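Accompanying notes for the structure given below.
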Amino acid sequence: MKFAVIVFPGSNCDVDLMYAIKDVMGAEAEYVWHDETSLAGFDGVLLPGGFSYGDYLRCGAIARFSNIMAEVIRFAEEGKPVFGTCNGFQILTEAGLLPGVLRRNESLHFICKPVQLQVNNQTPFTSEYQQDERITIPVAHGEGNYYCDEQTYQELEANNQIVFRYVDNVNGSLHGIAGICNKAGNVLGMMPHPERAMEELLGSKDGKKFFASLLKNFGKVPVHE
């Protein structure tokens, strides 16, 4: 299984994702520049955090029209795994691959700190966790306040698409939502950064089970403990 780590102008967490999936978990991965038009030879897509195109219009709004996104959408429609963290989550909502929007934090301040999440383990991205397990993952965002209308929220609940919730709602997200997946379960976006929680030396290794779940359920890559 081979992953594409998509790099946009302003991405700053692409190296973190590459380290997590390749160096820690032992999977094959390559960087793919946003202007490419093919994902031939890849089996999964990772969209990193950062400030794509400087977020001058709206977070992810310009990146959504990058050439590579047509291929990312095709991947999603074919049932292949697509994961976006932080700005990657914003890009997935802008592209229509996930419902809802990300707004300015309720405090209007940038938030950068470890937070606790409660996990729904009934998805291919989280099966290695215990149901309702509490994990520590860092956040670093100014526009991580998830919002959707009531009908969409009820659909997310009914279809078991809410994957992560903040234990303490740090940014004002609707019902504490920190991450969601699509109905098919192969596209997931979350604000916190699991790729930054791979070693106890950095404060937490709770992100390893996220990538272990991804590899176990979407591929046959040996998982490195």
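Here, A, B, ... name the chains of the structure tokens in the order displayed, residue numbers run from 1 inside each chain, and ligands are numbered from 1 in the same displayed order.
Summary of the local environment: counting only C-alpha atoms, residues at most 9 Å from A:Cys112, other than itself and those fewer than 6 positions away along its chain, are Pro138, Val139, Ala140, His141 and Gly142 of chain A.
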The selected residues should be written to file as an mmCIF file, in the first residue's frame (atoms: N, CA and C atoms).
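Saved as selection_20.cif:
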data_model
loop_
_atom_site.group_PDB
_atom_site.id
_atom_site.type_symbol
_atom_site.label_atom_id
_atom_site.label_comp_id
_atom_site.auth_asym_id
_atom_site.auth_seq_id
_atom_site.Cartn_x
_atom_site.Cartn_y
_atom_site.Cartn_z
ATOM 1 N N PRO A 138 -2.507 16.763 19.830
ATOM 2 C CA PRO A 138 -2.372 18.223 19.784
ATOM 3 C C PRO A 138 -3.241 18.870 18.706
ATOM 4 N N VAL A 139 -3.639 20.113 18.964
ATOM 5 C CA VAL A 139 -4.315 20.930 17.960
ATOM 6 C C VAL A 139 -3.458 22.166 17.685
ATOM 7 N N ALA A 140 -3.624 22.744 16.506
ATOM 8 C CA ALA A 140 -2.937 23.984 16.136
ATOM 9 C C ALA A 140 -3.752 24.636 15.024
ATOM 10 N N HIS A 141 -4.729 25.449 15.405
ATOM 11 C CA HIS A 141 -5.611 26.028 14.394
ATOM 12 C C HIS A 141 -6.268 27.320 14.871
ATOM 13 N N GLY A 142 -6.627 28.151 13.900
ATOM 14 C CA GLY A 142 -7.377 29.355 14.178
ATOM 15 C C GLY A 142 -8.809 29.255 13.699
#
Problem set entry | A:His175 surroundings by only C-alpha atoms, 12 Å radius, close-in-sequence under 4 positions cut, as a VMD selection string | chain A and resid 145 to 150 153 to 154 156 to 157 162 164 to 171 179
For the residues selected in the previous step, produce a file with N, CA and C atoms as a JSON list (two decimals), in the first residue's frame.
[["chain", "number", "residue", "atom", "x", "y", "z"],
["A", 145, "ASN", "N", -13.49, 25.52, 14.23],
["A", 145, "ASN", "CA", -14.83, 25.49, 14.82],
["A", 145, "ASN", "C", -15.80, 24.83, 13.83],
["A", 146, "TYR", "N", -16.05, 23.54, 14.01],
["A", 146, "TYR", "CA", -16.90, 22.81, 13.06],
["A", 146, "TYR", "C", -18.36, 23.20, 13.22],
["A", 147, "TYR", "N", -19.02, 23.38, 12.07],
["A", 147, "TYR", "CA", -20.44, 23.73, 12.08],
["A", 147, "TYR", "C", -21.17, 23.08, 10.91],
["A", 148, "CYS", "N", -22.40, 22.68, 11.16],
["A", 148, "CYS", "CA", -23.31, 22.23, 10.10],
["A", 148, "CYS", "C", -24.73, 22.53, 10.57],
["A", 149, "ASP", "N", -25.69, 22.47, 9.65],
["A", 149, "ASP", "CA", -27.07, 22.73, 10.06],
["A", 149, "ASP", "C", -27.63, 21.53, 10.81],
["A", 150, "GLU", "N", -28.80, 21.70, 11.41],
["A", 150, "GLU", "CA", -29.36, 20.66, 12.27],
["A", 150, "GLU", "C", -29.66, 19.37, 11.51],
["A", 153, "TYR", "N", -26.45, 17.57, 11.00],
["A", 153, "TYR", "CA", -25.99, 16.99, 12.27],
["A", 153, "TYR", "C", -26.75, 15.71, 12.59],
["A", 154, "GLN", "N", -28.05, 15.72, 12.40],
["A", 154, "GLN", "CA", -28.84, 14.53, 12.67],
["A", 154, "GLN", "C", -28.43, 13.37, 11.76],
["A", 156, "LEU", "N", -25.38, 12.98, 10.50],
["A", 156, "LEU", "CA", -24.08, 12.53, 11.01],
["A", 156, "LEU", "C", -24.27, 11.58, 12.19],
["A", 157, "GLU", "N", -25.17, 11.93, 13.08],
["A", 157, "GLU", "CA", -25.46, 11.07, 14.23],
["A", 157, "GLU", "C", -26.06, 9.74, 13.78],
["A", 162, "ILE", "N", -19.72, 10.75, 13.25],
["A", 162, "ILE", "CA", -18.93, 11.58, 14.16],
["A", 162, "ILE", "C", -17.88, 10.68, 14.81],
["A", 164, "PHE", "N", -14.60, 11.78, 16.21],
["A", 164, "PHE", "CA", -13.91, 12.33, 17.38],
["A", 164, "PHE", "C", -14.69, 13.51, 17.94],
["A", 165, "ARG", "N", -14.75, 13.60, 19.26],
["A", 165, "ARG", "CA", -15.31, 14.77, 19.93],
["A", 165, "ARG", "C", -14.29, 15.27, 20.95],
["A", 166, "TYR", "N", -14.26, 16.59, 21.14],
["A", 166, "TYR", "CA", -13.43, 17.17, 22.18],
["A", 166, "TYR", "C", -14.04, 16.87, 23.54],
["A", 167, "VAL", "N", -13.22, 16.42, 24.49],
["A", 167, "VAL", "CA", -13.70, 16.24, 25.86],
["A", 167, "VAL", "C", -14.04, 17.61, 26.45],
["A", 168, "ASP", "N", -13.17, 18.57, 26.24],
["A", 168, "ASP", "CA", -13.45, 19.97, 26.56],
["A", 168, "ASP", "C", -13.44, 20.73, 25.24],
["A", 169, "ASN", "N", -14.55, 21.30, 24.89],
["A", 169, "ASN", "CA", -14.73, 21.93, 23.57],
["A", 169, "ASN", "C", -13.85, 23.18, 23.45],
["A", 170, "VAL", "N", -12.68, 23.02, 22.86],
["A", 170, "VAL", "CA", -11.68, 24.09, 22.88],
["A", 170, "VAL", "C", -11.97, 25.22, 21.90],
["A", 171, "ASN", "N", -12.77, 24.96, 20.86],
["A", 171, "ASN", "CA", -12.94, 25.98, 19.82],
["A", 171, "ASN", "C", -14.40, 26.34, 19.52],
["A", 179, "GLY", "N", -13.85, 15.56, 14.56],
["A", 179, "GLY", "CA", -13.55, 14.84, 13.33],
["A", 179, "GLY", "C", -14.75, 14.03, 12.88]]
Any chance you could tabulate, as CSV, the residues of stretch 167-187 of chain A at most 12 Å from stretch 99-104 of chain A with each one's nearest atom pair and distance in Å to one decimal, using only C-alpha atoms, in chain and rising number order?
residue,atom,partner,partner_atom,distance
A:Val170,CA,A:Arg104,CA,11.9
A:Asn171,CA,A:Arg104,CA,8.2
A:Gly172,CA,A:Arg104,CA,9.1
A:Ser173,CA,A:Leu102,CA,8.5
A:Leu174,CA,A:Leu102,CA,10.2
A:Ile177,CA,A:Leu102,CA,10.7
A:Ala178,CA,A:Leu102,CA,10.4
A:Gly179,CA,A:Leu102,CA,11.0
A:Ile180,CA,A:Pro99,CA,8.7
A:Cys181,CA,A:Pro99,CA,8.9
A:Asn182,CA,A:Pro99,CA,7.9
A:Lys183,CA,A:Pro99,CA,10.2
A:Val187,CA,A:Pro99,CA,11.1
Can you spit out the residues from that selection as a PDB file, in the first residue's frame, using N, CA and C atoms?
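Saved result, selection02.pdb, follows:
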ATOM      1  N   VAL A 170     -12.678  23.017  22.856  1.00  0.00           N
ATOM      2  CA  VAL A 170     -11.680  24.085  22.879  1.00  0.00           C
ATOM      3  C   VAL A 170     -11.968  25.216  21.899  1.00  0.00           C
ATOM      4  N   ASN A 171     -12.769  24.961  20.862  1.00  0.00           N
ATOM      5  CA  ASN A 171     -12.943  25.981  19.822  1.00  0.00           C
ATOM      6  C   ASN A 171     -14.397  26.336  19.515  1.00  0.00           C
ATOM      7  N   GLY A 172     -15.336  25.756  20.269  1.00  0.00           N
ATOM      8  CA  GLY A 172     -16.736  26.063  20.050  1.00  0.00           C
ATOM      9  C   GLY A 172     -17.418  25.218  19.006  1.00  0.00           C
ATOM     10  N   SER A 173     -16.780  24.128  18.575  1.00  0.00           N
ATOM     11  CA  SER A 173     -17.361  23.260  17.557  1.00  0.00           C
ATOM     12  C   SER A 173     -18.741  22.755  17.968  1.00  0.00           C
ATOM     13  N   LEU A 174     -19.623  22.608  17.007  1.00  0.00           N
ATOM     14  CA  LEU A 174     -20.962  22.099  17.248  1.00  0.00           C
ATOM     15  C   LEU A 174     -20.900  20.748  17.951  1.00  0.00           C
ATOM     16  N   ILE A 177     -17.640  18.491  18.083  1.00  0.00           N
ATOM     17  CA  ILE A 177     -17.135  17.651  16.994  1.00  0.00           C
ATOM     18  C   ILE A 177     -15.705  18.037  16.627  1.00  0.00           C
ATOM     19  N   ALA A 178     -14.807  17.046  16.625  1.00  0.00           N
ATOM     20  CA  ALA A 178     -13.406  17.256  16.268  1.00  0.00           C
ATOM     21  C   ALA A 178     -13.034  16.541  14.975  1.00  0.00           C
ATOM     22  N   GLY A 179     -13.846  15.564  14.559  1.00  0.00           N
ATOM     23  CA  GLY A 179     -13.553  14.838  13.328  1.00  0.00           C
ATOM     24  C   GLY A 179     -14.750  14.029  12.876  1.00  0.00           C
ATOM     25  N   ILE A 180     -14.934  13.944  11.554  1.00  0.00           N
ATOM     26  CA  ILE A 180     -16.061  13.209  10.973  1.00  0.00           C
ATOM     27  C   ILE A 180     -15.583  12.387   9.783  1.00  0.00           C
ATOM     28  N   CYS A 181     -16.404  11.433   9.370  1.00  0.00           N
ATOM     29  CA  CYS A 181     -16.128  10.671   8.159  1.00  0.00           C
ATOM     30  C   CYS A 181     -17.327  10.753   7.223  1.00  0.00           C
ATOM     31  N   ASN A 182     -17.153  10.319   5.993  1.00  0.00           N
ATOM     32  CA  ASN A 182     -18.276  10.256   5.064  1.00  0.00           C
ATOM     33  C   ASN A 182     -19.114   9.018   5.360  1.00  0.00           C
ATOM     34  N   LYS A 183     -20.245   8.880   4.680  1.00  0.00           N
ATOM     35  CA  LYS A 183     -21.132   7.751   4.949  1.00  0.00           C
ATOM     36  C   LYS A 183     -20.460   6.418   4.664  1.00  0.00           C
ATOM     37  N   VAL A 187     -13.469   8.309   3.908  1.00  0.00           N
ATOM     38  CA  VAL A 187     -12.933   9.673   3.934  1.00  0.00           C
ATOM     39  C   VAL A 187     -13.104  10.216   5.346  1.00  0.00           C
TER      40      VAL A 187
END
Exercise. Where in stretch 62-205 of chain A does DSSP assign strand (DSSP E or B), given as a PyMOL selection string?
Worked result: chain A and resi 82-85+101-103+111-119+134-141+145-147+162-166+177-181+187-190+199+204
Problem set entry | For atom CA of A:Phe110 and atom CA of A:Arg64, the interatomic separation in Å (one decimal) |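 The value is 22.8 Å.
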Show which residues sit within 10 Å of A:Pro194, as a compact mmCIF listing (two decimals) with all heavy atoms, in the first residue's frame. Count only C-alpha atoms, and ignore same-chain residues fewer than 5 positions away.
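part_19.txt written:
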# COMPACT_ATOMS: atom_id res chain seq x y z
N ASP A 16 5.44 16.06 8.79
CA ASP A 16 4.93 15.33 9.94
C ASP A 16 4.16 14.08 9.50
O ASP A 16 4.32 12.99 10.08
CB ASP A 16 4.00 16.21 10.77
CG ASP A 16 4.64 17.51 11.24
OD1 ASP A 16 5.05 18.29 10.36
OD2 ASP A 16 4.70 17.75 12.44
N LEU A 17 3.29 14.26 8.49
CA LEU A 17 2.51 13.12 7.98
C LEU A 17 3.43 12.07 7.37
O LEU A 17 3.22 10.87 7.56
CB LEU A 17 1.50 13.59 6.94
CG LEU A 17 0.11 13.94 7.43
CD1 LEU A 17 -0.76 14.40 6.26
CD2 LEU A 17 -0.55 12.76 8.14
N ALA A 20 5.10 10.13 10.11
CA ALA A 20 4.18 9.22 10.80
C ALA A 20 3.91 7.97 9.99
O ALA A 20 4.02 6.85 10.50
CB ALA A 20 2.87 9.95 11.12
N THR A 85 -6.09 16.25 7.80
CA THR A 85 -5.95 16.77 9.15
C THR A 85 -5.80 18.27 9.11
O THR A 85 -5.09 18.82 8.25
CB THR A 85 -4.75 16.12 9.88
OG1 THR A 85 -4.62 16.69 11.17
CG2 THR A 85 -3.45 16.32 9.14
N ILE A 135 -8.14 10.01 24.29
CA ILE A 135 -6.76 10.08 23.83
C ILE A 135 -6.30 11.53 23.83
O ILE A 135 -7.12 12.46 23.81
CB ILE A 135 -6.62 9.48 22.41
CG1 ILE A 135 -7.46 10.28 21.39
CG2 ILE A 135 -7.03 8.01 22.42
CD1 ILE A 135 -7.27 9.81 19.95
N THR A 136 -4.98 11.72 23.85
CA THR A 136 -4.40 13.06 23.84
C THR A 136 -3.73 13.32 22.51
O THR A 136 -2.81 12.59 22.11
CB THR A 136 -3.38 13.22 24.98
OG1 THR A 136 -4.04 13.01 26.23
CG2 THR A 136 -2.78 14.62 24.97
N ILE A 137 -4.22 14.34 21.79
CA ILE A 137 -3.72 14.70 20.47
C ILE A 137 -3.57 16.22 20.43
O ILE A 137 -4.45 16.94 20.92
CB ILE A 137 -4.70 14.26 19.36
CG1 ILE A 137 -4.99 12.75 19.42
CG2 ILE A 137 -4.17 14.65 17.98
CD1 ILE A 137 -3.86 11.87 18.98
N PRO A 138 -2.51 16.76 19.83
CA PRO A 138 -2.37 18.22 19.78
C PRO A 138 -3.24 18.87 18.71
O PRO A 138 -3.55 18.26 17.68
CB PRO A 138 -0.88 18.42 19.47
CG PRO A 138 -0.47 17.18 18.77
CD PRO A 138 -1.30 16.08 19.35
N VAL A 139 -3.64 20.11 18.96
CA VAL A 139 -4.31 20.93 17.96
C VAL A 139 -3.46 22.17 17.69
O VAL A 139 -2.66 22.58 18.53
CB VAL A 139 -5.72 21.38 18.41
CG1 VAL A 139 -6.64 20.19 18.57
CG2 VAL A 139 -5.67 22.21 19.68
N SER A 204 2.78 12.37 23.51
CA SER A 204 1.75 11.36 23.35
C SER A 204 2.07 10.48 22.15
O SER A 204 2.63 10.95 21.15
CB SER A 204 0.38 12.01 23.14
OG SER A 204 -0.60 11.04 22.81
N LYS A 205 1.71 9.21 22.25
CA LYS A 205 1.80 8.32 21.09
C LYS A 205 0.41 7.79 20.72
O LYS A 205 0.27 6.76 20.05
CB LYS A 205 2.76 7.16 21.36
CG LYS A 205 2.37 6.24 22.51
CD LYS A 205 3.37 5.09 22.63
CE LYS A 205 2.96 4.12 23.74
NZ LYS A 205 3.92 3.01 23.89
N ASP A 206 -0.62 8.54 21.12
CA ASP A 206 -2.00 8.11 20.88
C ASP A 206 -2.39 8.16 19.41
O ASP A 206 -3.41 7.59 19.01
CB ASP A 206 -2.97 8.97 21.70
CG ASP A 206 -2.91 8.66 23.19
OD1 ASP A 206 -2.35 7.62 23.56
OD2 ASP A 206 -3.44 9.47 23.99
N GLY A 207 -1.59 8.83 18.59
CA GLY A 207 -1.88 8.87 17.16
C GLY A 207 -1.52 7.58 16.44
O GLY A 207 -2.01 7.33 15.33
N LYS A 208 -0.69 6.74 17.05
CA LYS A 208 -0.24 5.52 16.37
C LYS A 208 -1.39 4.57 16.07
O LYS A 208 -1.44 3.94 15.02
CB LYS A 208 0.82 4.80 17.21
CG LYS A 208 2.16 5.51 17.25
CD LYS A 208 3.20 4.68 17.99
CE LYS A 208 3.59 3.44 17.21
NZ LYS A 208 4.71 2.72 17.86
N LYS A 209 -2.35 4.49 16.98
CA LYS A 209 -3.48 3.59 16.75
C LYS A 209 -4.35 4.07 15.59
O LYS A 209 -5.02 3.25 14.95
CB LYS A 209 -4.32 3.46 18.02
CG LYS A 209 -3.67 2.67 19.14
CD LYS A 209 -4.60 2.54 20.33
CE LYS A 209 -3.95 1.77 21.47
NZ LYS A 209 -4.86 1.66 22.65
N PHE A 210 -4.35 5.36 15.35
CA PHE A 210 -5.09 5.89 14.20
C PHE A 210 -4.50 5.34 12.91
O PHE A 210 -5.21 4.80 12.06
CB PHE A 210 -5.04 7.42 14.20
CG PHE A 210 -5.72 8.05 13.02
CD1 PHE A 210 -7.07 8.31 13.05
CD2 PHE A 210 -5.00 8.36 11.88
CE1 PHE A 210 -7.72 8.86 11.94
CE2 PHE A 210 -5.62 8.93 10.78
CZ PHE A 210 -6.99 9.17 10.81
N PHE A 211 -3.19 5.48 12.75
CA PHE A 211 -2.54 5.00 11.53
C PHE A 211 -2.51 3.48 11.47
O PHE A 211 -2.58 2.89 10.38
CB PHE A 211 -1.14 5.60 11.42
CG PHE A 211 -1.15 7.08 11.20
CD1 PHE A 211 -0.92 7.96 12.25
CD2 PHE A 211 -1.44 7.61 9.95
CE1 PHE A 211 -0.95 9.33 12.05
CE2 PHE A 211 -1.47 8.98 9.74
CZ PHE A 211 -1.23 9.84 10.80
Exercise. Looking at A:Val115, A:Val5, A:Val82, A:Leu188, which one is nearest to A:Leu98, with distances taken over only C-alpha atoms?
Worked result: A:Leu188
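With only C-alpha atoms as the atoms that count, the residue of A:Ala197, A:Ile6, A:Ala184, A:Met69 with the shortest distance to A:Gln116 is A:Ala197.
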